[in-house]
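Structure file start_1.txt; described as compact mmCIF, C-alpha atoms and all ligand atoms.
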# COMPACT_ATOMS: atom_id res chain seq x y z
CA ALA A 1 -31.16 -93.45 -79.55
CA HIS A 2 -31.53 -90.19 -77.72
CA GLN A 3 -28.81 -87.63 -78.25
CA TRP A 4 -28.35 -84.86 -75.68
CA ARG A 5 -29.53 -81.62 -77.31
CA GLY A 6 -27.57 -79.05 -75.34
CA VAL A 7 -28.66 -77.23 -72.18
CA ILE A 8 -31.09 -74.78 -73.81
CA ARG A 9 -33.24 -77.47 -75.41
CA GLU A 10 -32.93 -79.89 -72.47
CA TYR A 11 -33.97 -77.23 -69.94
CA ALA A 12 -36.00 -74.89 -72.17
CA ASP A 13 -38.83 -74.52 -69.63
CA ARG A 14 -36.37 -73.15 -67.05
CA LEU A 15 -34.47 -70.73 -69.30
CA PRO A 16 -35.41 -67.34 -70.83
CA VAL A 17 -36.07 -68.72 -74.33
CA ASN A 18 -39.16 -69.62 -76.34
CA GLU A 19 -40.03 -71.64 -79.43
CA ASN A 20 -38.98 -68.75 -81.71
CA THR A 21 -35.50 -68.45 -80.23
CA LYS A 22 -32.67 -69.20 -82.65
CA VAL A 23 -30.52 -71.48 -80.50
CA ILE A 24 -26.72 -71.43 -80.82
CA THR A 25 -25.45 -74.72 -79.40
CA LEU A 26 -22.58 -77.18 -79.69
CA GLY A 27 -24.39 -79.81 -77.59
CA GLU A 28 -22.93 -78.63 -74.26
CA GLY A 29 -23.95 -80.03 -70.86
CA GLY A 30 -25.04 -83.55 -70.04
CA THR A 31 -21.58 -84.07 -68.55
CA PRO A 32 -20.85 -87.16 -66.45
CA LEU A 33 -21.18 -87.17 -62.68
CA VAL A 34 -18.35 -89.58 -61.93
CA TYR A 35 -18.14 -91.47 -58.64
CA ALA A 36 -14.71 -90.91 -57.05
CA PRO A 37 -13.75 -94.11 -55.18
CA ALA A 38 -10.45 -92.88 -53.69
CA LEU A 39 -11.86 -89.57 -52.39
CA SER A 40 -14.90 -91.42 -51.06
CA ALA A 41 -12.81 -93.99 -49.19
CA HIS A 42 -10.39 -91.37 -47.91
CA THR A 43 -13.08 -89.09 -46.47
CA GLY A 44 -15.78 -91.61 -45.59
CA ASN A 45 -18.30 -89.97 -47.90
CA GLU A 46 -19.95 -90.57 -51.27
CA VAL A 47 -17.95 -88.18 -53.46
CA TYR A 48 -18.84 -87.41 -57.08
CA LEU A 49 -17.04 -85.30 -59.67
CA LYS A 50 -19.04 -83.22 -62.15
CA VAL A 51 -16.61 -83.51 -65.04
CA GLU A 52 -17.05 -80.27 -66.96
CA GLY A 53 -14.02 -80.90 -69.14
CA MET A 54 -16.41 -83.08 -71.18
CA ASN A 55 -18.08 -79.98 -72.64
CA PRO A 56 -17.49 -79.17 -76.34
CA THR A 57 -14.64 -76.69 -75.73
CA GLY A 58 -13.42 -78.50 -72.61
CA SER A 59 -14.83 -76.35 -69.81
CA PHE A 60 -18.06 -75.42 -67.99
CA LYS A 61 -18.08 -72.07 -69.81
CA ASP A 62 -19.99 -73.66 -72.70
CA ARG A 63 -23.16 -73.91 -70.56
CA GLY A 64 -23.26 -70.15 -70.22
CA MET A 65 -21.92 -69.41 -73.68
CA THR A 66 -24.78 -71.18 -75.50
CA MET A 67 -27.16 -68.77 -73.71
CA ALA A 68 -24.96 -65.68 -74.13
CA MET A 69 -24.42 -66.28 -77.85
CA THR A 70 -28.11 -67.06 -78.34
CA ALA A 71 -28.88 -63.74 -76.61
CA ALA A 72 -26.31 -61.93 -78.78
CA VAL A 73 -27.99 -63.22 -81.94
CA ALA A 74 -31.44 -62.30 -80.59
CA ALA A 75 -30.15 -58.77 -79.90
CA GLY A 76 -28.94 -58.48 -83.49
CA ALA A 77 -25.30 -58.21 -82.44
CA LYS A 78 -22.58 -58.42 -85.09
CA ALA A 79 -19.66 -58.87 -82.73
CA VAL A 80 -19.02 -60.15 -79.21
CA VAL A 81 -16.26 -59.41 -76.73
CA CYS A 82 -15.02 -60.99 -73.52
CA ALA A 83 -12.18 -60.73 -71.05
CA SER A 84 -10.75 -64.09 -70.11
CA THR A 85 -8.13 -66.13 -68.34
CA GLY A 86 -8.57 -68.54 -71.28
CA ASN A 87 -11.59 -70.79 -71.04
CA THR A 88 -14.21 -68.11 -71.64
CA SER A 89 -12.28 -66.94 -74.70
CA ALA A 90 -12.06 -70.49 -76.09
CA SER A 91 -15.79 -70.96 -75.58
CA ALA A 92 -16.77 -67.53 -76.94
CA ALA A 93 -14.61 -68.07 -80.04
CA ALA A 94 -16.23 -71.44 -80.79
CA TYR A 95 -19.85 -70.35 -80.24
CA ALA A 96 -19.33 -67.07 -82.14
CA THR A 97 -18.13 -69.14 -85.09
CA GLN A 98 -21.39 -71.07 -85.24
CA ALA A 99 -23.38 -67.87 -84.72
CA GLY A 100 -21.50 -66.14 -87.53
CA LEU A 101 -20.38 -63.31 -85.26
CA LYS A 102 -17.00 -61.65 -84.96
CA CYS A 103 -15.33 -62.38 -81.64
CA ALA A 104 -12.76 -60.33 -79.75
CA VAL A 105 -11.05 -61.70 -76.66
CA LEU A 106 -8.97 -59.74 -74.17
CA VAL A 107 -6.48 -61.85 -72.26
CA PRO A 108 -3.74 -61.11 -69.71
CA ASP A 109 -0.38 -61.13 -71.47
CA GLY A 110 1.57 -64.36 -70.85
CA LYS A 111 -0.92 -65.72 -68.32
CA ILE A 112 -3.10 -67.95 -70.44
CA SER A 113 -2.35 -71.58 -71.14
CA MET A 114 -1.30 -72.73 -74.59
CA GLY A 115 -4.26 -75.07 -75.02
CA LYS A 116 -6.79 -72.29 -74.47
CA MET A 117 -4.93 -69.83 -76.66
CA SER A 118 -4.81 -72.38 -79.48
CA GLN A 119 -8.59 -72.77 -79.33
CA ALA A 120 -9.23 -69.03 -79.67
CA ILE A 121 -6.78 -68.91 -82.59
CA ALA A 122 -8.27 -71.97 -84.30
CA HIS A 123 -11.76 -70.46 -84.14
CA GLY A 124 -10.52 -67.21 -85.65
CA ALA A 125 -11.07 -64.81 -82.75
CA ASP A 126 -9.30 -61.45 -82.60
CA ILE A 127 -6.97 -61.98 -79.67
CA ILE A 128 -5.75 -58.93 -77.79
CA GLN A 129 -3.13 -59.50 -75.10
CA ILE A 130 -3.26 -56.77 -72.51
CA ASP A 131 -0.43 -55.74 -70.22
CA GLY A 132 -2.50 -56.32 -67.10
CA ASN A 133 -4.45 -59.01 -65.28
CA PHE A 134 -7.94 -60.43 -65.86
CA ASP A 135 -9.58 -57.70 -63.78
CA ASN A 136 -8.01 -55.03 -66.01
CA CYS A 137 -9.14 -56.92 -69.13
CA LEU A 138 -12.72 -57.12 -67.83
CA GLU A 139 -12.78 -53.39 -67.20
CA VAL A 140 -11.73 -52.70 -70.80
CA ALA A 141 -14.23 -55.26 -72.15
CA ARG A 142 -17.07 -53.62 -70.22
CA LYS A 143 -16.12 -50.16 -71.51
CA LEU A 144 -15.86 -51.48 -75.07
CA SER A 145 -19.37 -52.92 -74.87
CA GLU A 146 -20.72 -49.66 -73.43
CA ASN A 147 -19.15 -47.43 -76.07
CA TYR A 148 -18.92 -49.56 -79.22
CA PRO A 149 -21.19 -51.99 -81.07
CA VAL A 150 -19.92 -55.16 -79.35
CA PHE A 151 -21.93 -57.51 -77.13
CA LEU A 152 -20.35 -58.53 -73.80
CA VAL A 153 -20.38 -62.29 -73.13
CA ASN A 154 -18.66 -62.36 -69.73
CA SER A 155 -20.63 -63.72 -66.78
CA VAL A 156 -21.67 -60.19 -65.82
CA ASN A 157 -24.14 -60.86 -68.64
CA PRO A 158 -27.10 -62.54 -66.87
CA ALA A 159 -27.60 -64.93 -69.81
CA ARG A 160 -24.33 -66.63 -68.86
CA ILE A 161 -25.52 -67.34 -65.30
CA GLN A 162 -28.82 -68.65 -66.69
CA GLY A 163 -27.01 -71.22 -68.82
CA GLN A 164 -24.55 -72.20 -66.12
CA LYS A 165 -27.28 -72.89 -63.54
CA THR A 166 -28.09 -76.06 -65.55
CA GLY A 167 -25.06 -77.72 -63.91
CA ALA A 168 -27.05 -77.84 -60.67
CA PHE A 169 -30.11 -79.24 -62.47
CA GLU A 170 -28.04 -82.09 -63.91
CA VAL A 171 -26.58 -82.99 -60.51
CA VAL A 172 -30.07 -83.21 -58.97
CA ASP A 173 -31.49 -85.08 -61.96
CA PHE A 174 -28.70 -87.65 -61.67
CA LEU A 175 -28.66 -88.10 -57.87
CA GLY A 176 -32.42 -87.84 -57.44
CA ASP A 177 -31.99 -84.95 -54.99
CA ALA A 178 -29.45 -82.26 -54.14
CA PRO A 179 -26.19 -83.45 -52.54
CA ASP A 180 -25.32 -82.47 -48.95
CA TYR A 181 -22.30 -80.44 -50.07
CA HIS A 182 -21.26 -78.85 -53.34
CA LEU A 183 -17.61 -77.79 -53.74
CA LEU A 184 -16.10 -75.82 -56.59
CA PRO A 185 -13.29 -73.40 -57.55
CA VAL A 186 -14.02 -69.66 -57.38
CA GLY A 187 -12.45 -67.12 -59.72
CA ASN A 188 -14.72 -64.42 -61.09
CA ALA A 189 -17.45 -66.09 -58.98
CA GLY A 190 -19.95 -66.62 -61.80
CA ASN A 191 -20.12 -70.37 -61.39
CA ILE A 192 -20.85 -70.46 -57.65
CA THR A 193 -23.52 -67.83 -58.32
CA ALA A 194 -25.02 -69.95 -61.09
CA TYR A 195 -25.01 -73.25 -59.18
CA TRP A 196 -26.69 -71.62 -56.19
CA LYS A 197 -29.35 -70.09 -58.45
CA GLY A 198 -29.94 -73.49 -60.06
CA TYR A 199 -30.21 -75.35 -56.77
CA LYS A 200 -32.62 -72.79 -55.35
CA GLU A 201 -34.86 -72.79 -58.41
CA TYR A 202 -34.98 -76.60 -58.41
CA SER A 203 -35.94 -76.85 -54.72
CA THR A 204 -38.94 -74.51 -54.79
CA GLU A 205 -42.12 -74.08 -56.76
CA TRP A 206 -40.91 -71.85 -59.59
CA THR A 207 -42.72 -69.74 -62.17
CA ASN A 208 -41.03 -69.72 -65.58
CA GLU A 209 -40.82 -67.09 -68.36
CA ALA A 210 -44.15 -68.18 -69.83
CA GLY A 211 -45.85 -67.92 -66.43
CA LYS A 212 -46.07 -71.67 -65.96
CA VAL A 213 -45.64 -72.92 -62.39
CA LEU A 214 -43.08 -75.73 -62.13
CA GLU A 215 -43.08 -78.16 -59.20
CA PRO A 216 -39.97 -78.50 -57.03
CA VAL A 217 -37.59 -81.24 -58.19
CA SER A 218 -35.32 -81.42 -55.10
CA THR A 219 -36.16 -81.40 -51.40
CA LYS A 220 -33.17 -79.41 -50.14
CA ASN A 221 -30.15 -77.31 -51.12
CA PRO A 222 -26.51 -78.22 -50.64
CA ILE A 223 -24.02 -76.41 -48.45
CA MET A 224 -21.76 -74.50 -50.85
CA TRP A 225 -18.00 -74.54 -50.33
CA GLY A 226 -16.01 -72.37 -52.76
CA PHE A 227 -12.22 -72.29 -53.03
CA GLN A 228 -9.97 -69.51 -54.31
CA ALA A 229 -6.24 -69.85 -54.92
CA ALA A 230 -4.34 -68.50 -51.91
CA GLY A 231 -2.50 -65.89 -54.01
CA ALA A 232 -5.77 -64.73 -55.56
CA ALA A 233 -8.27 -64.94 -52.70
CA PRO A 234 -9.98 -61.53 -52.43
CA ILE A 235 -13.23 -62.89 -50.99
CA VAL A 236 -11.31 -64.68 -48.25
CA ALA A 237 -9.20 -61.58 -47.56
CA GLY A 238 -12.22 -59.27 -47.65
CA HIS A 239 -10.62 -56.85 -50.13
CA PRO A 240 -9.54 -56.84 -53.79
CA ILE A 241 -6.05 -58.20 -54.56
CA THR A 242 -4.26 -55.89 -57.00
CA GLU A 243 -1.54 -58.40 -57.96
CA PRO A 244 -3.24 -61.81 -57.92
CA ASP A 245 -0.80 -64.67 -58.37
CA THR A 246 -1.23 -68.43 -58.74
CA ILE A 247 -0.14 -71.23 -61.06
CA ALA A 248 -3.88 -71.87 -61.54
CA THR A 249 -4.08 -69.14 -64.20
CA ALA A 250 -7.80 -69.78 -64.82
CA ILE A 251 -8.62 -68.34 -61.37
CA ARG A 252 -5.91 -65.69 -61.20
CA ILE A 253 -8.48 -62.99 -60.39
CA GLY A 254 -8.25 -60.24 -57.78
CA ASN A 255 -11.65 -58.55 -57.93
CA PRO A 256 -14.43 -60.98 -58.90
CA ALA A 257 -17.39 -59.48 -60.75
CA SER A 258 -19.91 -61.68 -58.89
CA TRP A 259 -18.31 -61.15 -55.46
CA GLU A 260 -21.56 -60.26 -53.67
CA GLN A 261 -23.55 -63.10 -55.21
CA ALA A 262 -20.82 -65.54 -54.14
CA GLU A 263 -21.18 -64.29 -50.57
CA VAL A 264 -24.94 -64.72 -50.82
CA ALA A 265 -24.46 -68.34 -51.96
CA ARG A 266 -22.04 -68.91 -49.09
CA ASP A 267 -24.28 -67.33 -46.43
CA GLU A 268 -27.69 -68.63 -47.59
CA SER A 269 -26.32 -72.18 -47.83
CA GLY A 270 -24.42 -72.01 -44.54
CA GLY A 271 -21.20 -72.64 -46.45
CA GLN A 272 -17.78 -71.07 -46.78
CA ILE A 273 -15.36 -69.53 -49.24
CA ASP A 274 -11.81 -70.48 -48.36
CA SER A 275 -8.43 -70.64 -50.06
CA VAL A 276 -6.05 -73.40 -51.09
CA THR A 277 -2.35 -73.01 -51.84
CA ASP A 278 -0.77 -73.79 -55.21
CA GLU A 279 0.85 -76.85 -53.60
CA GLN A 280 -2.56 -78.09 -52.42
CA ILE A 281 -4.02 -77.44 -55.88
CA LEU A 282 -1.26 -79.42 -57.60
CA GLU A 283 -1.57 -82.25 -55.07
CA ALA A 284 -5.32 -82.47 -55.77
CA HIS A 285 -4.61 -82.28 -59.53
CA ARG A 286 -2.27 -85.29 -59.19
CA TRP A 287 -4.76 -87.10 -56.93
CA LEU A 288 -7.47 -86.77 -59.59
CA SER A 289 -5.32 -88.02 -62.45
CA SER A 290 -3.47 -90.77 -60.60
CA ARG A 291 -6.20 -92.06 -58.27
CA GLU A 292 -9.56 -91.28 -59.88
CA GLY A 293 -8.66 -91.40 -63.59
CA VAL A 294 -9.87 -87.85 -64.17
CA PHE A 295 -7.49 -85.38 -65.86
CA VAL A 296 -8.24 -81.72 -65.13
CA GLU A 297 -6.42 -78.41 -65.42
CA PRO A 298 -4.90 -77.14 -62.14
CA ALA A 299 -7.59 -74.53 -61.31
CA SER A 300 -10.23 -77.22 -61.71
CA ALA A 301 -8.72 -79.15 -58.81
CA ALA A 302 -9.29 -76.33 -56.29
CA GLY A 303 -12.54 -77.88 -55.01
CA VAL A 304 -10.84 -81.23 -54.45
CA ALA A 305 -7.93 -79.44 -52.77
CA GLY A 306 -10.48 -77.82 -50.47
CA LEU A 307 -12.04 -81.17 -49.58
CA LEU A 308 -8.64 -82.69 -48.79
CA LYS A 309 -7.62 -79.63 -46.76
CA HIS A 310 -10.77 -79.62 -44.66
CA HIS A 311 -10.78 -83.39 -44.26
CA ALA A 312 -7.22 -83.21 -42.88
CA ALA A 313 -8.36 -80.49 -40.48
CA GLY A 314 -11.24 -82.67 -39.27
CA ASN A 315 -13.93 -80.34 -40.67
CA VAL A 316 -15.62 -82.80 -43.03
CA PRO A 317 -18.40 -85.03 -41.66
CA THR A 318 -18.84 -88.60 -42.91
CA GLY A 319 -21.72 -90.38 -44.63
CA LYS A 320 -22.58 -87.39 -46.82
CA LYS A 321 -23.11 -86.97 -50.56
CA ILE A 322 -20.50 -84.54 -51.82
CA VAL A 323 -20.36 -83.20 -55.38
CA ILE A 324 -17.26 -81.39 -56.64
CA THR A 325 -17.29 -79.54 -59.94
CA VAL A 326 -14.03 -80.05 -61.81
CA THR A 327 -14.29 -77.20 -64.25
CA GLY A 328 -11.90 -77.78 -67.17
CA HIS A 329 -10.03 -80.50 -69.05
CA GLY A 330 -6.45 -81.47 -68.29
CA LEU A 331 -5.45 -81.04 -71.93
CA LYS A 332 -6.09 -77.29 -71.60
CA ASP A 333 -2.88 -76.91 -69.62
CA PRO A 334 -1.01 -80.23 -69.84
CA ASP A 335 2.44 -79.03 -68.76
CA TRP A 336 1.67 -79.65 -65.09
CA ALA A 337 1.34 -83.39 -65.66
CA LEU A 338 4.92 -83.48 -66.96
CA LYS A 339 6.33 -82.44 -63.58
CA GLN A 340 6.82 -84.57 -60.47
CA SER A 341 5.73 -83.33 -57.06
CA ASP A 342 9.32 -82.12 -56.42
CA GLY A 343 9.20 -80.01 -59.61
CA SER A 344 11.53 -82.22 -61.65
CA ASP A 345 10.57 -83.34 -65.15
CA VAL A 346 8.97 -86.71 -65.80
CA ALA A 347 11.13 -88.52 -68.35
CA PRO A 348 9.80 -91.61 -70.14
CA LYS A 349 12.20 -94.57 -70.02
CA LYS A 350 14.11 -95.22 -73.25
CA VAL A 351 14.56 -98.88 -74.10
CA ALA A 352 15.99 -100.72 -77.10
CA LEU A 353 13.68 -102.38 -79.63
CA ASP A 354 13.69 -105.70 -77.83
CA VAL A 355 10.89 -107.47 -76.01
CA VAL A 356 13.13 -108.83 -73.24
CA GLU A 357 14.53 -105.36 -72.54
CA VAL A 358 11.03 -103.84 -72.52
CA ALA A 359 9.86 -106.58 -70.15
CA GLY A 360 12.85 -105.84 -67.94
CA ALA A 361 12.12 -102.12 -67.91
CA LEU A 362 8.52 -102.88 -66.90
CA GLY A 363 9.67 -105.13 -64.06
CA LEU A 364 8.10 -108.18 -65.72
CA ALA A 365 11.29 -110.16 -66.07
N1 LIG B 1 -12.17 -73.16 -63.27
C1 LIG B 1 -11.77 -72.85 -64.51
C2 LIG B 1 -11.10 -73.92 -65.32
C3 LIG B 1 -12.01 -71.56 -65.04
O1 LIG B 1 -11.62 -71.28 -66.27
C4 LIG B 1 -12.64 -70.60 -64.22
C5 LIG B 1 -12.87 -69.25 -64.72
C6 LIG B 1 -13.03 -70.98 -62.93
C7 LIG B 1 -12.78 -72.26 -62.49
C8 LIG B 1 -13.70 -70.06 -62.00
O2 LIG B 1 -15.04 -69.85 -62.35
O3 LIG B 1 -14.94 -67.41 -62.68
O4 LIG B 1 -17.11 -68.61 -62.52
O5 LIG B 1 -15.68 -68.33 -60.51
N2 LIG B 1 -12.44 -68.82 -65.82
C9 LIG B 1 -12.78 -67.52 -66.41
C10 LIG B 1 -12.27 -67.43 -67.84
C11 LIG B 1 -12.45 -66.37 -65.58
O6 LIG B 1 -12.00 -66.33 -68.34
O7 LIG B 1 -12.15 -68.46 -68.49
P1 LIG B 1 -15.75 -68.46 -61.99
Give the structure from this file in structure tokens form.
Ligand code: F0G
Amino acid sequence: AHQWRGVIREYADRLPVNENTKVITLGEGGTPLVYAPALSAHTGNEVYLKVEGMNPTGSFKDRGMTMAMTAAVAAGAKAVVCASTGNTSASAAAYATQAGLKCAVLVPDGKISMGKMSQAIAHGADIIQIDGNFDNCLEVARKLSENYPVFLVNSVNPARIQGQKTGAFEVVDFLGDAPDYHLLPVGNAGNITAYWKGYKEYSTEWTNEAGKVLEPVSTKNPIMWGFQAAGAAPIVAGHPITEPDTIATAIRIGNPASWEQAEVARDESGGQIDSVTDEQILEAHRWLSSREGVFVEPASAAGVAGLLKHHAAGNVPTGKKIVITVTGHGLKDPDWALKQSDGSDVAPKKVALDVVEVAGALGLA
């Protein structure tokens, strides 16, 4: 039986690698594109979820990290560094372990979920909590990599974008062509940049690293809709946000590194970058778990929140193929599932050890 070999080996002819490259991989990518019946019925479209929580460390970051860590090894690096709201640090820590590199992660103090922190700790990263937000952490990480012998693995490293563009390839390979719309959360704006790059490369004749001309795979590009959290929506506001704030800590970012590229993706595709409130994010998070069977972390639901918002406003056509990337696993930040929509705690029923009482509690008797 065929086992998926990770994005570098599966898409080697479209990535900056060759047969001599020492590949660092945990088998990332090849994630399911799951049909979403409730969203499809509700909006009158064919809606699919690209479930990136199925990656080895539970988020889409692994697609880029296999490339970044492979590049770090090729460059002879001994140590890597990243700033992170949590998922990048979990991914960097895991891939650095396989690569045999030291890994330092800079995270905003108190604003990273327990699941992500536990991953970085388990993989033995040096974790530095900084009294500041993600944007401040990224600034320090960049300066560290400029002035000390550490290799930067944030998405400002082009290798990360190269790896992450494979998400678009997989969508096209599965559907047989590009969808009409692609929706996703936007934080530091690396992922929207990467998807757009992938879609464009797949829809044109494209010359690879070795000078080989590859035929187009898709006939069109999707319209890109990106969604920031309302309290951390600098691209929507048109200026950096110095105190970004949202319960979706993964996208609590006020000055995205790939801001311009995100605007290019928006404008070239005829799309939009909009915002969704924390309430809309949590509603979409609950919709996914209770109606589609897909458990994601809150930030990951921003694309779905955007679809529901624009459907309610009458801005979503019908009869289209819509793909939404849900970026990270629900177990990363499980606390949100333990709250009801009114904020009160969910308490499991306690019942005596008795089948009749259990049946009664379940409404069976
Ligand atoms: N969803 C999740 C779960 C994320 O962790 C991130 C970013 C995004 C969406 C946004 O993607 O930054 O490419 O626009 N997390 C980064 C991190 C910042 O450090 O883990 P983006």
All residues having an atom within 6 Å of ligand LIG 1 (chain B) (all atoms listed in the file) as a PyMOL selection string: chain A and resi 84-88+185-191+250-251+299-300+327-328
Test item: which residues lie within 9 Å of (-3.2, -83.4, -68.2) counting all atoms listed in the file, as an NGL selection string: :A and (285 or 289 or 294-298 or 329-338)
Go ahead and save the picked residues with C-alpha atoms, as an mmCIF file, keeping the file's coordinate frame.
data_model
loop_
_atom_site.group_PDB
_atom_site.id
_atom_site.type_symbol
_atom_site.label_atom_id
_atom_site.label_comp_id
_atom_site.auth_asym_id
_atom_site.auth_seq_id
_atom_site.Cartn_x
_atom_site.Cartn_y
_atom_site.Cartn_z
ATOM 1 C CA HIS A 285 -4.610 -82.280 -59.530
ATOM 2 C CA SER A 289 -5.320 -88.020 -62.450
ATOM 3 C CA VAL A 294 -9.870 -87.850 -64.170
ATOM 4 C CA PHE A 295 -7.490 -85.380 -65.860
ATOM 5 C CA VAL A 296 -8.240 -81.720 -65.130
ATOM 6 C CA GLU A 297 -6.420 -78.410 -65.420
ATOM 7 C CA PRO A 298 -4.900 -77.140 -62.140
ATOM 8 C CA HIS A 329 -10.030 -80.500 -69.050
ATOM 9 C CA GLY A 330 -6.450 -81.470 -68.290
ATOM 10 C CA LEU A 331 -5.450 -81.040 -71.930
ATOM 11 C CA LYS A 332 -6.090 -77.290 -71.600
ATOM 12 C CA ASP A 333 -2.880 -76.910 -69.620
ATOM 13 C CA PRO A 334 -1.010 -80.230 -69.840
ATOM 14 C CA ASP A 335 2.440 -79.030 -68.760
ATOM 15 C CA TRP A 336 1.670 -79.650 -65.090
ATOM 16 C CA ALA A 337 1.340 -83.390 -65.660
ATOM 17 C CA LEU A 338 4.920 -83.480 -66.960
#
Residues near Gln3 in chain A, cut-off 12 Å, only C-alpha atoms, skip fewer than 6 positions along chain, as a PyMOL selection string: chain A and resi 9-10+27-30
Prev. selection, C-alpha atoms, output as a PDB file, keeping the file's coordinate frame:
ATOM      1  CA  ARG A   9     -33.240 -77.470 -75.410  1.00  0.00           C
ATOM      2  CA  GLU A  10     -32.930 -79.890 -72.470  1.00  0.00           C
ATOM      3  CA  GLY A  27     -24.390 -79.810 -77.590  1.00  0.00           C
ATOM      4  CA  GLU A  28     -22.930 -78.630 -74.260  1.00  0.00           C
ATOM      5  CA  GLY A  29     -23.950 -80.030 -70.860  1.00  0.00           C
ATOM      6  CA  GLY A  30     -25.040 -83.550 -70.040  1.00  0.00           C
TER       7      GLY A  30
END
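Residues within 9 Å of Thr246 in chain A, counting only C-alpha atoms and excluding same-chain residues fewer than 6 positions away, are Ala229, Ala230, Gly231, Ala232, Arg252, Thr277 and Asp278 of chain A.
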Take the residues just selected and output them with C-alpha atoms as a tab-separated table (two decimals), in the frame of the given file.
chain	number	residue	atom	x	y	z
A	229	ALA	CA	-6.24	-69.85	-54.92
A	230	ALA	CA	-4.34	-68.50	-51.91
A	231	GLY	CA	-2.50	-65.89	-54.01
A	232	ALA	CA	-5.77	-64.73	-55.56
A	252	ARG	CA	-5.91	-65.69	-61.20
A	277	THR	CA	-2.35	-73.01	-51.84
A	278	ASP	CA	-0.77	-73.79	-55.21
Two-atom distance - CA of Ala312 in chain A, CA of Gly44 in chain A (Å): 12.3 Å
Contacts of His42 in chain A at 9 Å (all atoms listed in the file; same-chain gap of 4+ positions) as number ranges by chain: A: 37-38, 308, 311
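Separating CA of Asp173 in chain A from CA of Trp225 in chain A is a distance of 20.7 Å.
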Distance in Å - CA of Gln280 in chain A versus CA of Met117 in chain A: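 Between CA of Gln280 in chain A and CA of Met117 in chain A the gap works out to 25.7 Å.
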Near-Val171 in chain A list (12 Å; all atoms listed in the file; drop same-chain fewer than 2 positions) as a PyMOL selection string: chain A and resi 29-34+48-52+165-169+173-182+195+198-199+202+217-218+221-222+321-325
All residues 10 Å or closer to Ser145 in chain A, only C-alpha atoms, same chain fewer than 6 positions away omitted, as a VMD selection string: chain A and resid 79 to 82 151 to 153
Nearest to Tyr148 in chain A by atom-to-atom distance, counting only C-alpha atoms, from A:Lys78, A:Ser40, A:Ser269, A:Val304: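 For Tyr148 in chain A, the nearest of the given residues is A:Lys78.
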Sphere at (-19.6, -70.5, -88.1), radius 12 Å, counting all atoms listed in the file: residues as an MDAnalysis selection string: chainID A and resid 24:26 92:103 123:125
Given all atoms listed in the file as the counted atoms, nearest of A:Arg160, A:Lys111, A:Lys349, A:Lys220 to Lys61 in chain A: A:Arg160
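Of the listed residues (A:Ser91, A:Cys137, A:Ala305, A:His2), A:Ser91 comes nearest to Gly53 in chain A; the distances count all atoms listed in the file.
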Closest of A:Trp196, A:Trp287, A:Phe227, A:Phe134 to Pro256 in chain A - atom-to-atom distances counting all atoms listed in the file: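 Closest candidate: A:Phe134.
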Residue with smallest distance to Ser118 in chain A - pool A:Thr57, A:Glu46, A:Gly319, A:Pro234, counting only C-alpha atoms: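 Distance minimum relative to Ser118 in chain A lands on A:Thr57.
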Residue nearest Asn45 in chain A - candidates A:Gly343, A:Gly293, A:Pro317, A:Gly360, atoms counted: only C-alpha atoms: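 Result for the nearest residue to Asn45 in chain A: A:Pro317.
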